[in-house]
>>> print(open('entry_12.pdb').read())   # PDB, C-alpha atoms and all ligand atoms
ATOM      1  CA  MET A  25      92.391 -71.948-165.232  1.00  0.00           C
ATOM      2  CA  ALA A  26      95.068 -74.504-166.125  1.00  0.00           C
ATOM      3  CA  GLN A  27      95.546 -72.589-169.364  1.00  0.00           C
ATOM      4  CA  ASN A  28      96.269 -69.444-167.365  1.00  0.00           C
ATOM      5  CA  GLU A  29      98.777 -71.255-165.174  1.00  0.00           C
ATOM      6  CA  GLU A  30     100.647 -72.412-168.254  1.00  0.00           C
ATOM      7  CA  LEU A  31     100.624 -68.874-169.649  1.00  0.00           C
ATOM      8  CA  ILE A  32     102.037 -67.509-166.381  1.00  0.00           C
ATOM      9  CA  GLU A  33     104.756 -70.189-166.406  1.00  0.00           C
ATOM     10  CA  GLN A  34     105.714 -69.309-169.983  1.00  0.00           C
ATOM     11  CA  THR A  35     105.761 -65.617-169.138  1.00  0.00           C
ATOM     12  CA  VAL A  36     108.004 -66.210-166.110  1.00  0.00           C
ATOM     13  CA  THR A  37     110.482 -68.200-168.231  1.00  0.00           C
ATOM     14  CA  PHE A  38     110.456 -65.504-170.940  1.00  0.00           C
ATOM     15  CA  VAL A  39     111.026 -62.661-168.454  1.00  0.00           C
ATOM     16  CA  LYS A  40     113.836 -64.499-166.619  1.00  0.00           C
ATOM     17  CA  GLU A  41     115.641 -65.103-169.911  1.00  0.00           C
ATOM     18  CA  THR A  42     115.134 -61.566-171.166  1.00  0.00           C
ATOM     19  CA  LEU A  43     116.284 -59.909-167.934  1.00  0.00           C
ATOM     20  CA  GLU A  44     119.373 -62.105-167.522  1.00  0.00           C
ATOM     21  CA  GLY A  45     122.254 -59.867-166.365  1.00  0.00           C
ATOM     22  CA  ALA A  46     120.058 -56.779-165.859  1.00  0.00           C
ATOM     23  CA  GLU A  47     120.982 -54.081-163.331  1.00  0.00           C
ATOM     24  CA  ALA A  48     119.895 -55.429-159.898  1.00  0.00           C
ATOM     25  CA  GLY A  49     117.200 -52.776-159.439  1.00  0.00           C
ATOM     26  CA  HIS A  50     115.450 -53.694-162.684  1.00  0.00           C
ATOM     27  CA  ASP A  51     116.029 -57.458-162.835  1.00  0.00           C
ATOM     28  CA  TRP A  52     113.877 -60.578-162.474  1.00  0.00           C
ATOM     29  CA  TRP A  53     113.741 -60.144-158.688  1.00  0.00           C
ATOM     30  CA  HIS A  54     112.361 -56.610-159.022  1.00  0.00           C
ATOM     31  CA  THR A  55     109.790 -57.990-161.447  1.00  0.00           C
ATOM     32  CA  ASN A  56     108.879 -60.819-159.108  1.00  0.00           C
ATOM     33  CA  ARG A  57     108.454 -58.483-156.117  1.00  0.00           C
ATOM     34  CA  VAL A  58     106.220 -56.189-158.174  1.00  0.00           C
ATOM     35  CA  ARG A  59     104.228 -59.220-159.294  1.00  0.00           C
ATOM     36  CA  ASN A  60     103.675 -60.460-155.710  1.00  0.00           C
ATOM     37  CA  THR A  61     102.769 -57.009-154.380  1.00  0.00           C
ATOM     38  CA  ALA A  62     100.461 -56.380-157.339  1.00  0.00           C
ATOM     39  CA  ILE A  63      98.604 -59.677-156.785  1.00  0.00           C
ATOM     40  CA  ASN A  64      98.332 -58.829-153.095  1.00  0.00           C
ATOM     41  CA  ILE A  65      96.750 -55.435-153.899  1.00  0.00           C
ATOM     42  CA  ALA A  66      94.585 -56.858-156.704  1.00  0.00           C
ATOM     43  CA  LEU A  67      93.018 -59.428-154.364  1.00  0.00           C
ATOM     44  CA  LYS A  68      92.047 -56.628-151.963  1.00  0.00           C
ATOM     45  CA  GLU A  69      90.840 -54.223-154.671  1.00  0.00           C
ATOM     46  CA  GLY A  70      89.025 -56.784-156.815  1.00  0.00           C
ATOM     47  CA  ALA A  71      90.807 -56.400-160.170  1.00  0.00           C
ATOM     48  CA  ASP A  72      91.373 -58.615-163.243  1.00  0.00           C
ATOM     49  CA  LEU A  73      94.057 -60.868-161.758  1.00  0.00           C
ATOM     50  CA  LEU A  74      95.366 -62.229-165.047  1.00  0.00           C
ATOM     51  CA  VAL A  75      95.868 -58.759-166.527  1.00  0.00           C
ATOM     52  CA  VAL A  76      97.552 -57.590-163.317  1.00  0.00           C
ATOM     53  CA  GLU A  77      99.913 -60.567-163.081  1.00  0.00           C
ATOM     54  CA  ILE A  78     100.946 -60.607-166.758  1.00  0.00           C
ATOM     55  CA  SER A  79     101.393 -56.811-166.833  1.00  0.00           C
ATOM     56  CA  ALA A  80     103.492 -56.895-163.667  1.00  0.00           C
ATOM     57  CA  LEU A  81     105.631 -59.677-165.144  1.00  0.00           C
ATOM     58  CA  LEU A  82     106.171 -57.780-168.405  1.00  0.00           C
ATOM     59  CA  HIS A  83     106.307 -54.189-167.100  1.00  0.00           C
ATOM     60  CA  ASP A  84     110.115 -53.802-167.206  1.00  0.00           C
ATOM     61  CA  ILE A  85     110.836 -56.221-170.044  1.00  0.00           C
ATOM     62  CA  ALA A  86     112.539 -53.419-172.011  1.00  0.00           C
ATOM     63  CA  ASP A  87     112.729 -50.218-169.933  1.00  0.00           C
ATOM     64  CA  SER A  88     113.259 -47.288-172.327  1.00  0.00           C
ATOM     65  CA  LYS A  89     116.113 -45.870-170.244  1.00  0.00           C
ATOM     66  CA  PHE A  90     118.139 -48.972-171.074  1.00  0.00           C
ATOM     67  CA  HIS A  91     117.054 -48.834-174.749  1.00  0.00           C
ATOM     68  CA  ASP A  92     117.996 -45.332-175.955  1.00  0.00           C
ATOM     69  CA  GLY A  93     114.689 -43.881-174.791  1.00  0.00           C
ATOM     70  CA  ASP A  94     112.611 -46.076-177.113  1.00  0.00           C
ATOM     71  CA  GLU A  95     109.169 -46.051-175.412  1.00  0.00           C
ATOM     72  CA  GLU A  96     107.585 -48.571-177.754  1.00  0.00           C
ATOM     73  CA  PHE A  97     110.283 -51.223-177.391  1.00  0.00           C
ATOM     74  CA  GLY A  98     108.784 -52.797-174.250  1.00  0.00           C
ATOM     75  CA  PRO A  99     105.182 -52.872-175.567  1.00  0.00           C
ATOM     76  CA  LYS A 100     106.466 -54.333-178.870  1.00  0.00           C
ATOM     77  CA  ILE A 101     108.340 -57.170-177.167  1.00  0.00           C
ATOM     78  CA  ALA A 102     105.309 -57.848-174.963  1.00  0.00           C
ATOM     79  CA  HIS A 103     103.026 -57.880-178.019  1.00  0.00           C
ATOM     80  CA  ASP A 104     105.293 -60.283-179.935  1.00  0.00           C
ATOM     81  CA  PHE A 105     105.298 -62.570-176.927  1.00  0.00           C
ATOM     82  CA  LEU A 106     101.538 -62.463-176.258  1.00  0.00           C
ATOM     83  CA  LYS A 107     100.125 -62.415-179.787  1.00  0.00           C
ATOM     84  CA  ASP A 108      99.780 -66.173-180.215  1.00  0.00           C
ATOM     85  CA  LYS A 109      99.049 -66.971-176.562  1.00  0.00           C
ATOM     86  CA  PRO A 110      95.530 -67.844-175.336  1.00  0.00           C
ATOM     87  CA  VAL A 111      94.694 -64.282-174.206  1.00  0.00           C
ATOM     88  CA  SER A 112      91.911 -62.146-175.705  1.00  0.00           C
ATOM     89  CA  LYS A 113      92.807 -59.158-177.942  1.00  0.00           C
ATOM     90  CA  GLU A 114      91.193 -56.839-175.395  1.00  0.00           C
ATOM     91  CA  ARG A 115      93.326 -58.152-172.585  1.00  0.00           C
ATOM     92  CA  ILE A 116      96.516 -57.954-174.681  1.00  0.00           C
ATOM     93  CA  GLU A 117      95.718 -54.324-175.562  1.00  0.00           C
ATOM     94  CA  HIS A 118      95.053 -53.574-171.892  1.00  0.00           C
ATOM     95  CA  ILE A 119      98.381 -55.170-170.852  1.00  0.00           C
ATOM     96  CA  LEU A 120     100.287 -53.130-173.470  1.00  0.00           C
ATOM     97  CA  GLN A 121      98.625 -49.919-172.233  1.00  0.00           C
ATOM     98  CA  ILE A 122      99.675 -50.743-168.681  1.00  0.00           C
ATOM     99  CA  ILE A 123     103.283 -51.319-169.794  1.00  0.00           C
ATOM    100  CA  ARG A 124     103.233 -47.953-171.631  1.00  0.00           C
ATOM    101  CA  HIS A 125     101.839 -45.992-168.706  1.00  0.00           C
ATOM    102  CA  VAL A 126     103.283 -47.571-165.577  1.00  0.00           C
ATOM    103  CA  SER A 127     106.530 -45.569-165.545  1.00  0.00           C
ATOM    104  CA  PHE A 128     107.179 -42.628-163.191  1.00  0.00           C
ATOM    105  CA  LYS A 129     108.578 -40.409-165.930  1.00  0.00           C
ATOM    106  CA  ASN A 130     105.288 -40.773-167.824  1.00  0.00           C
ATOM    107  CA  SER A 131     103.444 -39.380-164.808  1.00  0.00           C
ATOM    108  CA  PHE A 132     104.639 -35.835-165.618  1.00  0.00           C
ATOM    109  CA  GLY A 133     102.297 -35.252-168.569  1.00  0.00           C
ATOM    110  CA  ILE A 134      98.502 -35.529-168.898  1.00  0.00           C
ATOM    111  CA  LYS A 135      96.994 -38.937-168.180  1.00  0.00           C
ATOM    112  CA  THR A 136      95.996 -40.583-171.461  1.00  0.00           C
ATOM    113  CA  PHE A 137      95.032 -43.983-170.079  1.00  0.00           C
ATOM    114  CA  ASP A 138      93.666 -45.244-166.790  1.00  0.00           C
ATOM    115  CA  SER A 139      92.348 -48.489-165.316  1.00  0.00           C
ATOM    116  CA  LEU A 140      92.243 -50.164-161.905  1.00  0.00           C
ATOM    117  CA  GLU A 141      94.762 -52.734-163.162  1.00  0.00           C
ATOM    118  CA  LEU A 142      97.207 -49.987-164.257  1.00  0.00           C
ATOM    119  CA  GLN A 143      96.793 -48.278-160.880  1.00  0.00           C
ATOM    120  CA  ILE A 144      97.615 -51.518-159.085  1.00  0.00           C
ATOM    121  CA  VAL A 145     100.731 -52.397-161.113  1.00  0.00           C
ATOM    122  CA  GLN A 146     101.905 -48.787-160.775  1.00  0.00           C
ATOM    123  CA  ASP A 147     101.429 -48.879-156.995  1.00  0.00           C
ATOM    124  CA  ALA A 148     103.326 -52.173-156.769  1.00  0.00           C
ATOM    125  CA  ASP A 149     106.179 -50.788-158.910  1.00  0.00           C
ATOM    126  CA  ARG A 150     106.328 -47.638-156.768  1.00  0.00           C
ATOM    127  CA  LEU A 151     106.267 -49.634-153.532  1.00  0.00           C
ATOM    128  CA  ASP A 152     109.396 -51.450-154.730  1.00  0.00           C
ATOM    129  CA  ALA A 153     111.067 -48.033-155.128  1.00  0.00           C
ATOM    130  CA  ILE A 154     110.631 -47.134-151.447  1.00  0.00           C
ATOM    131  CA  GLY A 155     111.502 -48.729-148.088  1.00  0.00           C
ATOM    132  CA  ALA A 156     114.581 -50.906-147.541  1.00  0.00           C
ATOM    133  CA  ILE A 157     114.415 -52.367-151.038  1.00  0.00           C
ATOM    134  CA  GLY A 158     113.937 -48.889-152.499  1.00  0.00           C
ATOM    135  CA  ILE A 159     117.105 -47.679-150.750  1.00  0.00           C
ATOM    136  CA  ALA A 160     119.080 -50.678-152.043  1.00  0.00           C
ATOM    137  CA  ARG A 161     117.760 -50.106-155.566  1.00  0.00           C
ATOM    138  CA  ALA A 162     118.561 -46.396-155.561  1.00  0.00           C
ATOM    139  CA  PHE A 163     122.180 -46.910-154.521  1.00  0.00           C
ATOM    140  CA  ASN A 164     122.625 -49.778-156.941  1.00  0.00           C
ATOM    141  CA  TYR A 165     121.327 -47.607-159.773  1.00  0.00           C
ATOM    142  CA  GLY A 166     123.565 -44.740-158.648  1.00  0.00           C
ATOM    143  CA  GLY A 167     126.560 -47.106-158.664  1.00  0.00           C
ATOM    144  CA  PHE A 168     125.564 -48.442-162.060  1.00  0.00           C
ATOM    145  CA  LYS A 169     125.632 -44.825-163.307  1.00  0.00           C
ATOM    146  CA  ASN A 170     128.825 -44.075-161.316  1.00  0.00           C
ATOM    147  CA  ARG A 171     127.124 -41.340-159.275  1.00  0.00           C
ATOM    148  CA  ILE A 172     128.268 -40.125-155.872  1.00  0.00           C
ATOM    149  CA  PHE A 173     126.121 -40.742-152.767  1.00  0.00           C
ATOM    150  CA  TYR A 174     125.698 -37.173-151.662  1.00  0.00           C
ATOM    151  CA  ASP A 175     127.006 -33.662-152.286  1.00  0.00           C
ATOM    152  CA  PRO A 176     126.004 -30.947-149.798  1.00  0.00           C
ATOM    153  CA  GLU A 177     126.559 -28.363-152.581  1.00  0.00           C
ATOM    154  CA  THR A 178     124.080 -29.943-155.007  1.00  0.00           C
ATOM    155  CA  PRO A 179     120.511 -29.434-153.766  1.00  0.00           C
ATOM    156  CA  PRO A 180     117.641 -31.581-155.046  1.00  0.00           C
ATOM    157  CA  GLN A 181     115.670 -30.190-157.997  1.00  0.00           C
ATOM    158  CA  ASN A 182     112.053 -30.053-159.003  1.00  0.00           C
ATOM    159  CA  TYR A 183     111.873 -31.564-162.455  1.00  0.00           C
ATOM    160  CA  SER A 184     109.238 -30.173-164.777  1.00  0.00           C
ATOM    161  CA  SER A 185     109.397 -32.996-167.318  1.00  0.00           C
ATOM    162  CA  GLY A 186     110.071 -36.707-167.502  1.00  0.00           C
ATOM    163  CA  ASN A 187     113.035 -36.051-169.813  1.00  0.00           C
ATOM    164  CA  ALA A 188     114.771 -33.632-167.483  1.00  0.00           C
ATOM    165  CA  TYR A 189     114.214 -36.114-164.640  1.00  0.00           C
ATOM    166  CA  GLN A 190     115.840 -38.914-166.648  1.00  0.00           C
ATOM    167  CA  ARG A 191     118.820 -36.832-167.761  1.00  0.00           C
ATOM    168  CA  SER A 192     119.718 -35.863-164.207  1.00  0.00           C
ATOM    169  CA  ASN A 193     123.197 -36.884-163.064  1.00  0.00           C
ATOM    170  CA  ALA A 194     122.652 -35.771-159.501  1.00  0.00           C
ATOM    171  CA  PRO A 195     123.928 -37.613-156.410  1.00  0.00           C
ATOM    172  CA  THR A 196     121.810 -40.575-155.333  1.00  0.00           C
ATOM    173  CA  ILE A 197     120.567 -38.911-152.115  1.00  0.00           C
ATOM    174  CA  ASN A 198     118.880 -36.261-154.296  1.00  0.00           C
ATOM    175  CA  HIS A 199     116.760 -38.996-155.843  1.00  0.00           C
ATOM    176  CA  PHE A 200     115.059 -39.463-152.479  1.00  0.00           C
ATOM    177  CA  TYR A 201     113.762 -35.865-152.592  1.00  0.00           C
ATOM    178  CA  GLU A 202     113.162 -35.774-156.333  1.00  0.00           C
ATOM    179  CA  LYS A 203     111.157 -38.987-156.411  1.00  0.00           C
ATOM    180  CA  LEU A 204     111.198 -41.542-153.610  1.00  0.00           C
ATOM    181  CA  LEU A 205     109.754 -39.421-150.779  1.00  0.00           C
ATOM    182  CA  LYS A 206     106.968 -38.229-153.094  1.00  0.00           C
ATOM    183  CA  LEU A 207     105.699 -41.688-153.929  1.00  0.00           C
ATOM    184  CA  LYS A 208     103.692 -42.213-150.725  1.00  0.00           C
ATOM    185  CA  ASP A 209     101.305 -39.426-151.761  1.00  0.00           C
ATOM    186  CA  MET A 210     101.131 -40.657-155.351  1.00  0.00           C
ATOM    187  CA  MET A 211      99.646 -44.074-154.532  1.00  0.00           C
ATOM    188  CA  ASN A 212      96.507 -44.835-156.520  1.00  0.00           C
ATOM    189  CA  THR A 213      94.808 -47.421-154.325  1.00  0.00           C
ATOM    190  CA  LYS A 214      93.876 -47.522-150.654  1.00  0.00           C
ATOM    191  CA  THR A 215      95.886 -50.734-150.181  1.00  0.00           C
ATOM    192  CA  GLY A 216      98.888 -49.112-151.887  1.00  0.00           C
ATOM    193  CA  ARG A 217      98.673 -46.100-149.588  1.00  0.00           C
ATOM    194  CA  GLU A 218      98.592 -48.340-146.527  1.00  0.00           C
ATOM    195  CA  LEU A 219     101.597 -50.370-147.687  1.00  0.00           C
ATOM    196  CA  ALA A 220     103.560 -47.204-148.498  1.00  0.00           C
ATOM    197  CA  GLU A 221     103.345 -45.771-144.975  1.00  0.00           C
ATOM    198  CA  GLU A 222     105.846 -48.049-143.202  1.00  0.00           C
ATOM    199  CA  ARG A 223     108.281 -48.009-146.115  1.00  0.00           C
ATOM    200  CA  HIS A 224     108.176 -44.223-146.239  1.00  0.00           C
ATOM    201  CA  GLN A 225     108.940 -43.920-142.526  1.00  0.00           C
ATOM    202  CA  PHE A 226     111.868 -46.303-142.941  1.00  0.00           C
ATOM    203  CA  MET A 227     113.397 -44.020-145.613  1.00  0.00           C
ATOM    204  CA  GLU A 228     112.969 -40.969-143.370  1.00  0.00           C
ATOM    205  CA  LEU A 229     114.809 -42.823-140.612  1.00  0.00           C
ATOM    206  CA  PHE A 230     117.546 -43.873-143.049  1.00  0.00           C
ATOM    207  CA  LEU A 231     118.102 -40.278-144.200  1.00  0.00           C
ATOM    208  CA  LYS A 232     118.286 -38.980-140.654  1.00  0.00           C
ATOM    209  CA  GLN A 233     120.930 -41.557-139.801  1.00  0.00           C
ATOM    210  CA  PHE A 234     122.784 -40.897-143.077  1.00  0.00           C
ATOM    211  CA  TYR A 235     123.269 -37.156-142.311  1.00  0.00           C
ATOM    212  CA  LYS A 236     124.220 -37.914-138.739  1.00  0.00           C
ATOM    213  CA  GLU A 237     127.027 -40.201-139.883  1.00  0.00           C
ATOM    214  CA  TRP A 238     127.990 -37.837-142.736  1.00  0.00           C
ATOM    215  CA  SER A 239     128.701 -35.027-140.327  1.00  0.00           C
ATOM    216  CA  GLY A 240     130.811 -37.318-138.118  1.00  0.00           C
ATOM    217  CA  GLU A 241     128.431 -37.219-135.180  1.00  0.00           C
TER     218      GLU A 241
HETATM  219  P1  LIG B 301     110.196 -45.854-163.566  1.00  0.00           P
HETATM  220  O1  LIG B 301     110.822 -47.203-163.874  1.00  0.00           O
HETATM  221  O2  LIG B 301     108.984 -45.929-162.698  1.00  0.00           O
HETATM  222  O3  LIG B 301     110.073 -44.937-164.741  1.00  0.00           O
HETATM  223  P2  LIG B 301     112.720 -45.070-162.808  1.00  0.00           P
HETATM  224  O4  LIG B 301     113.207 -46.094-163.760  1.00  0.00           O
HETATM  225  O5  LIG B 301     113.113 -43.652-162.981  1.00  0.00           O
HETATM  226  O6  LIG B 301     111.170 -45.120-162.649  1.00  0.00           O
HETATM  227  O7  LIG B 301     113.137 -45.537-161.413  1.00  0.00           O
HETATM  228  C1  LIG B 301     113.108 -46.883-161.041  1.00  0.00           C
HETATM  229  C2  LIG B 301     114.116 -47.069-159.969  1.00  0.00           C
HETATM  230  O8  LIG B 301     115.419 -46.879-160.497  1.00  0.00           O
HETATM  231  C3  LIG B 301     114.028 -46.038-158.872  1.00  0.00           C
HETATM  232  O9  LIG B 301     113.060 -46.344-157.933  1.00  0.00           O
HETATM  233  C4  LIG B 301     115.403 -46.087-158.313  1.00  0.00           C
HETATM  234  O10 LIG B 301     115.576 -47.215-157.521  1.00  0.00           O
HETATM  235  C5  LIG B 301     116.203 -46.220-159.565  1.00  0.00           C
HETATM  236  N1  LIG B 301     116.578 -44.893-160.065  1.00  0.00           N
HETATM  237  C6  LIG B 301     116.114 -44.240-161.147  1.00  0.00           C
HETATM  238  N2  LIG B 301     116.698 -43.033-161.288  1.00  0.00           N
HETATM  239  C7  LIG B 301     117.557 -42.938-160.253  1.00  0.00           C
HETATM  240  C8  LIG B 301     118.475 -41.938-159.792  1.00  0.00           C
HETATM  241  N3  LIG B 301     118.638 -40.794-160.452  1.00  0.00           N
HETATM  242  N4  LIG B 301     119.184 -42.203-158.686  1.00  0.00           N
HETATM  243  C9  LIG B 301     119.037 -43.359-158.015  1.00  0.00           C
HETATM  244  N5  LIG B 301     118.210 -44.323-158.372  1.00  0.00           N
HETATM  245  C10 LIG B 301     117.462 -44.124-159.473  1.00  0.00           C
HETATM  246 NI    NI B 302     109.616 -51.580-162.419  1.00  0.00          NI
END
>>> encode(input="entry_12.pdb", output="structure tokens")
Amino acid sequence: MAQNEELIEQTVTFVKETLEGAEAGHDWWHTNRVRNTAINIALKEGADLLVVEISALLHDIADSKFHDGDEEFGPKIAHDFLKDKPVSKERIEHILQIIRHVSFKNSFGIKTFDSLELQIVQDADRLDAIGAIGIARAFNYGGFKNRIFYDPETPPQNYSSGNAYQRSNAPTINHFYEKLLKLKDMMNTKTGRELAEERHQFMELFLKQFYKEWSGE
């Protein structure tokens, strides 16, 4: 157990250093929230806690959208970090698979990997994309990309592929319809679904208020 605690400590230090200066929606604090939510779900669902915690900590270590679309960059960095740590080969392979498959844009194609631990980290990551934090993250990302809040002339789209979704330059409000409001029904676990409910309702309320103020009411 003590060995695991040391591993977690080392992973935390590594992730903090690596994510120094990252966009606020994909920084250490996002990682830490996903970690806490994932542990919370894992305790209820009875999963491999070490795999869940390490995967959550490493899941955004090198997001492909900040690395020219390189999908293997994150798993490679995670592998280099874990290879001489006291973790079994099986667990390392499982963690790398979770990092590869956790992302929303990879949910467009056919599922090529699944596990309870992946489902939990994915739910925790998605929960951080909705609710009050989700709203803050969306507008921070939109600002980071210099996008406008809203354009009544640009309706939301239904993306058919992960690539098209990522290339979109649409106003930030569209992201709520293209992704954020869909997440509640995409939760994998019962605990995830329960946690999503309140956050989803909060976004609905936010949007209602947003349009009210937009029209000068
Ligand atoms: P994933 O990391 O699961 O592949 P994304 O990186 O696309 O998903 O989204 C992570 C978060 O980044 C979103 O929840 C949102 O906060 C922000 N984000 C991504 N794309 C957009 C966008 N087009 N507009 C606003 N926010 C976005
Ligand atoms: Ni994430």
>>> closest_residue(input="entry_12.pdb", among="A:Leu219, A:Thr136, A:Glu177, A:His199", to="Asn64 (chain A)", atoms="all atoms listed in the file")
A:Leu219
>>> resolve_selection(input="entry_12.pdb", expression="the PyMOL selection byres (((chain A and resi 81-88) around 9) and not hetatm)", output="compact mmCIF listing (two decimals) with C-alpha atoms, keeping the file's coordinate frame")
# COMPACT_ATOMS: atom_id res chain seq x y z
CA ILE A 32 102.04 -67.51 -166.38
CA THR A 35 105.76 -65.62 -169.14
CA VAL A 36 108.00 -66.21 -166.11
CA VAL A 39 111.03 -62.66 -168.45
CA THR A 42 115.13 -61.57 -171.17
CA LEU A 43 116.28 -59.91 -167.93
CA HIS A 50 115.45 -53.69 -162.68
CA ASP A 51 116.03 -57.46 -162.84
CA TRP A 52 113.88 -60.58 -162.47
CA HIS A 54 112.36 -56.61 -159.02
CA THR A 55 109.79 -57.99 -161.45
CA ASN A 56 108.88 -60.82 -159.11
CA VAL A 58 106.22 -56.19 -158.17
CA ARG A 59 104.23 -59.22 -159.29
CA VAL A 76 97.55 -57.59 -163.32
CA GLU A 77 99.91 -60.57 -163.08
CA ILE A 78 100.95 -60.61 -166.76
CA SER A 79 101.39 -56.81 -166.83
CA ALA A 80 103.49 -56.90 -163.67
CA LYS A 89 116.11 -45.87 -170.24
CA PHE A 90 118.14 -48.97 -171.07
CA HIS A 91 117.05 -48.83 -174.75
CA ASP A 92 118.00 -45.33 -175.96
CA GLY A 93 114.69 -43.88 -174.79
CA ASP A 94 112.61 -46.08 -177.11
CA GLU A 95 109.17 -46.05 -175.41
CA GLU A 96 107.58 -48.57 -177.75
CA PHE A 97 110.28 -51.22 -177.39
CA GLY A 98 108.78 -52.80 -174.25
CA PRO A 99 105.18 -52.87 -175.57
CA ILE A 101 108.34 -57.17 -177.17
CA ALA A 102 105.31 -57.85 -174.96
CA ILE A 119 98.38 -55.17 -170.85
CA LEU A 120 100.29 -53.13 -173.47
CA ILE A 122 99.68 -50.74 -168.68
CA ILE A 123 103.28 -51.32 -169.79
CA ARG A 124 103.23 -47.95 -171.63
CA VAL A 126 103.28 -47.57 -165.58
CA SER A 127 106.53 -45.57 -165.54
CA VAL A 145 100.73 -52.40 -161.11
CA ASP A 149 106.18 -50.79 -158.91
>>> resolve_selection(input="entry_12.pdb", expression="the PyMOL selection byres (((chain A and resi 153-170) around 6) and not hetatm)", output="MDAnalysis selection string")
chainID A and resid 49 150:152 171 196 223:224 226:227
>>> axis_aligned_box(input="entry_12.pdb", around="ligand LIG 301 (chain B)", padding_each_side="4 Å", output="AutoDock Vina command-line options")
--center_x 114.1 --center_y -44.0 --center_z -161.1 --size_x 18.2 --size_y 14.4 --size_z 15.2
>>> residues_around(input="entry_12.pdb", residues="Met210 (chain A)", least_positions_apart="3", cutoff="10 Å", atoms="only C-alpha atoms", output="CSV table (one decimal) with C-alpha atoms, in the frame of the given file")
chain,number,residue,atom,x,y,z
A,131,SER,CA,103.4,-39.4,-164.8
A,146,GLN,CA,101.9,-48.8,-160.8
A,147,ASP,CA,101.4,-48.9,-157.0
A,150,ARG,CA,106.3,-47.6,-156.8
A,205,LEU,CA,109.8,-39.4,-150.8
A,206,LYS,CA,107.0,-38.2,-153.1
A,207,LEU,CA,105.7,-41.7,-153.9
A,213,THR,CA,94.8,-47.4,-154.3
A,216,GLY,CA,98.9,-49.1,-151.9
A,217,ARG,CA,98.7,-46.1,-149.6
A,220,ALA,CA,103.6,-47.2,-148.5
>>> closest_residue(input="entry_12.pdb", among="A:Phe137, A:Trp238, A:Phe38, A:Phe173", to="ligand LIG 301 (chain B)", atoms="only C-alpha atoms and all ligand atoms")
A:Phe173
>>> residues_around(input="entry_12.pdb", residues="Ala66 (chain A)", least_positions_apart="3", cutoff="9 Å", atoms="only C-alpha atoms", output="list in words")
Thr61, Ala62, Ile63, Glu69, Gly70, Ala71, Asp72, Leu73, Val76, Leu140, Glu141, Ile144 and Val145 of chain A
>>> closest_residue(input="entry_12.pdb", among="A:Lys68, A:Arg57, A:Lys203, A:Lys208", to="ligand NI 302 (chain B)", atoms="all atoms listed in the file")
A:Arg57
>>> resolve_selection(input="entry_12.pdb", expression="the PyMOL selection byres (((chain A and resi 184) around 12) and not hetatm)", output="number ranges by chain")
A: 129-133, 181-183, 185-190, 192, 202
>>> closest_residue(input="entry_12.pdb", among="A:His125, A:Ile197, A:Met211, A:Arg191", to="ligand NI 302 (chain B)", atoms="all atoms listed in the file")
A:His125
>>> closest_residue(input="entry_12.pdb", among="A:Tyr201, A:Lys135, A:Ala48, A:Glu114", to="ligand NI 302 (chain B)", atoms="only C-alpha atoms and all ligand atoms")
A:Ala48
>>> atom_distance(input="entry_12.pdb", atom1="CA of Ile65 (chain A)", atom2="CA of Glu222 (chain A)")
15.9 Å
>>> atom_distance(input="entry_12.pdb", atom1="CA of Phe200 (chain A)", atom2="CA of Leu67 (chain A)")
29.8 Å
>>> atom_distance(input="entry_12.pdb", atom1="CA of Glu41 (chain A)", atom2="CA of His103 (chain A)")
16.6 Å
